[in-house]
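Notes for the one structure printed next.
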Amino acid sequence: MTQIISGKEISEEIRAELKEQVATLKAGTGVVPGLAVVLVGADPASEMYVGMKNKAAKELGIHSRQISLPAETPEDELLGVIDGLNADPAIHGILVQLPLPGHIDEAKVIEAIDPMKDVDGFHPVSVGRLQTGSGECFAPCTPAGVIEMLVRSGHDPAGKHAVVVGRSNIVGKPMAALLMRKGRGGDATVTVAHSRTADLGAVTRSADILIVAMGRPEMITGDMVSEGTVVIDVGTNRVDDPTRERGYRVCGDVLFDEVKDKAAAISPVPGGVGPMTITMLLANTVRSAEIASDRAG
Ligand code: NDP
């Protein structure tokens, strides 16, 4: 029977572990991990994500600070806020909710974050350290969550052929870097496919582990997957569905009903990778606080 890899369950398991780590850190050193979430403007989806992050942080005993700035905030003012958070010893993780309003240069803002507080893992120093394997860095949360799902469900990528479909900076590229790095959750042989890949099906059929992050609803069909493949679907798409009261449904990039019959294991959408992203943000924040406390001690 096909194993369903539940990101929801694995996420709960990791959050329980983090709660203990937070309590141990606090009891031993007095340090409470602190996460600052900066929101510029009032985009409803961003407000919802920020609210979820704050709530999840508080549940684990992480101190969470939300900084909401008006949409017209000048870039310099935002950079000043980040400087203040970089210097604040109570804050171990800084997240700037993207996208930012058009007049603000996102790259400049990301580069202003202290790499040791870059719990989103998007700073070029974090990206470089992930690639070179040198120094402390935080891995981007979504691909880090996929690695946890694989390892904790019994599908260690070591020695396997992992195919990643998608090469974005936030999912595909760091996913490939994590899979190929040495050590826990890595040591895979990695192929990255994208929109210019010739014969995508031939590539996806060659996978032992298939990770899909295309943003194309249900594009990976049963004939594109070999028997016994482990499939992780990162895609989160809204498609019209007049049979639902709300008029749409959420689906992945994988045609679940077809692919599940061939896969050895598969993650669903929703309830798959989605819940892992916030969990890994919290894990990065706790680790950042542990590193800061080790340095201070
Ligand atoms: P992007 O649009 O930035 O990247 C999509 C990638 O898929 C690109 O590399 C693109 O190739 C490739 N691609 C698109 N169409 C095809 C095709 N027909 N054949 C092969 N490759 C194709 O998306 P993201 O990486 O940001 O996100 C991917 C998906 O993951 C989305 O559904 C998003 O909502 C979801 N997501 C989910 C998260 C979660 O927490 N669960 C977090 C982040 C993302 P090319 O580079 O050539 O254009």
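So you can find residues: chains in the structure tokens are A, B, ... in the order shown, residues in each start at 1, and ligands are numbered from 1 in order.
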
query: What's the 6 Å shell around Met219 (chain A), counting only C-alpha atoms, without same-chain residues fewer than 3 positions away, as a list in words?
result: Arg216, Asp253 and Val254 of chain A

Just write the chosen residues, N, CA and C atoms, as a PDB file, in the first residue's frame.
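Final output, saved to selection.pdb:
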ATOM      1  N   ARG A 216       2.589  24.278 -11.515  1.00  0.00           N
ATOM      2  CA  ARG A 216       1.729  23.892 -12.650  1.00  0.00           C
ATOM      3  C   ARG A 216       0.768  22.802 -12.165  1.00  0.00           C
ATOM      4  N   ASP A 253       1.289  19.980  -7.842  1.00  0.00           N
ATOM      5  CA  ASP A 253       1.772  19.888  -9.223  1.00  0.00           C
ATOM      6  C   ASP A 253       1.696  18.451  -9.728  1.00  0.00           C
ATOM      7  N   VAL A 254       1.320  17.542  -8.831  1.00  0.00           N
ATOM      8  CA  VAL A 254       1.264  16.116  -9.146  1.00  0.00           C
ATOM      9  C   VAL A 254      -0.206  15.689  -9.191  1.00  0.00           C
TER      10      VAL A 254
END

message: Which residues are near region 287-294 of chain A? Cut-off 12 Å, only C-alpha atoms, ignore same chain within fewer than 2 positions. Put them as a VMD selection string.
response: chain A and resid 18 21 to 26 28 to 35 62 to 63 88 to 94 114 to 121 136 to 139 280 to 285 296 to 297

- prompt: Quick one: residues within 7 Å of ligand 1, with only C-alpha atoms and all ligand atoms, as JSON, numbers by chain?
  reply: {"A": [142, 165, 166, 167, 168, 169, 170, 171, 172, 193, 194, 195, 196, 197, 200, 213, 214, 215, 216, 234, 235, 236, 237, 252, 253, 273, 274, 275, 276, 277]}

query: Got a sec: who's within 10 Å of Lys8 (chain A), counting only C-alpha atoms, leaving out chain neighbours fewer than 3 positions off, as a ChimeraX atom specification?
result: /A:5,11-13,149,268,270-276,279

- prompt: Separation of CA of Leu130 (chain A) and CA of Val203 (chain A), in Å?
  reply: 25.5 Å

message: Let's see if you can do this: from backbone DSSP, list all helix (DSSP H, G or I) residues in region 92-260 of chain A, as a PyMOL selection string.
response: chain A and resi 106-112+115-117+124-132+141-152+172-180+200-205+222-224+256-259
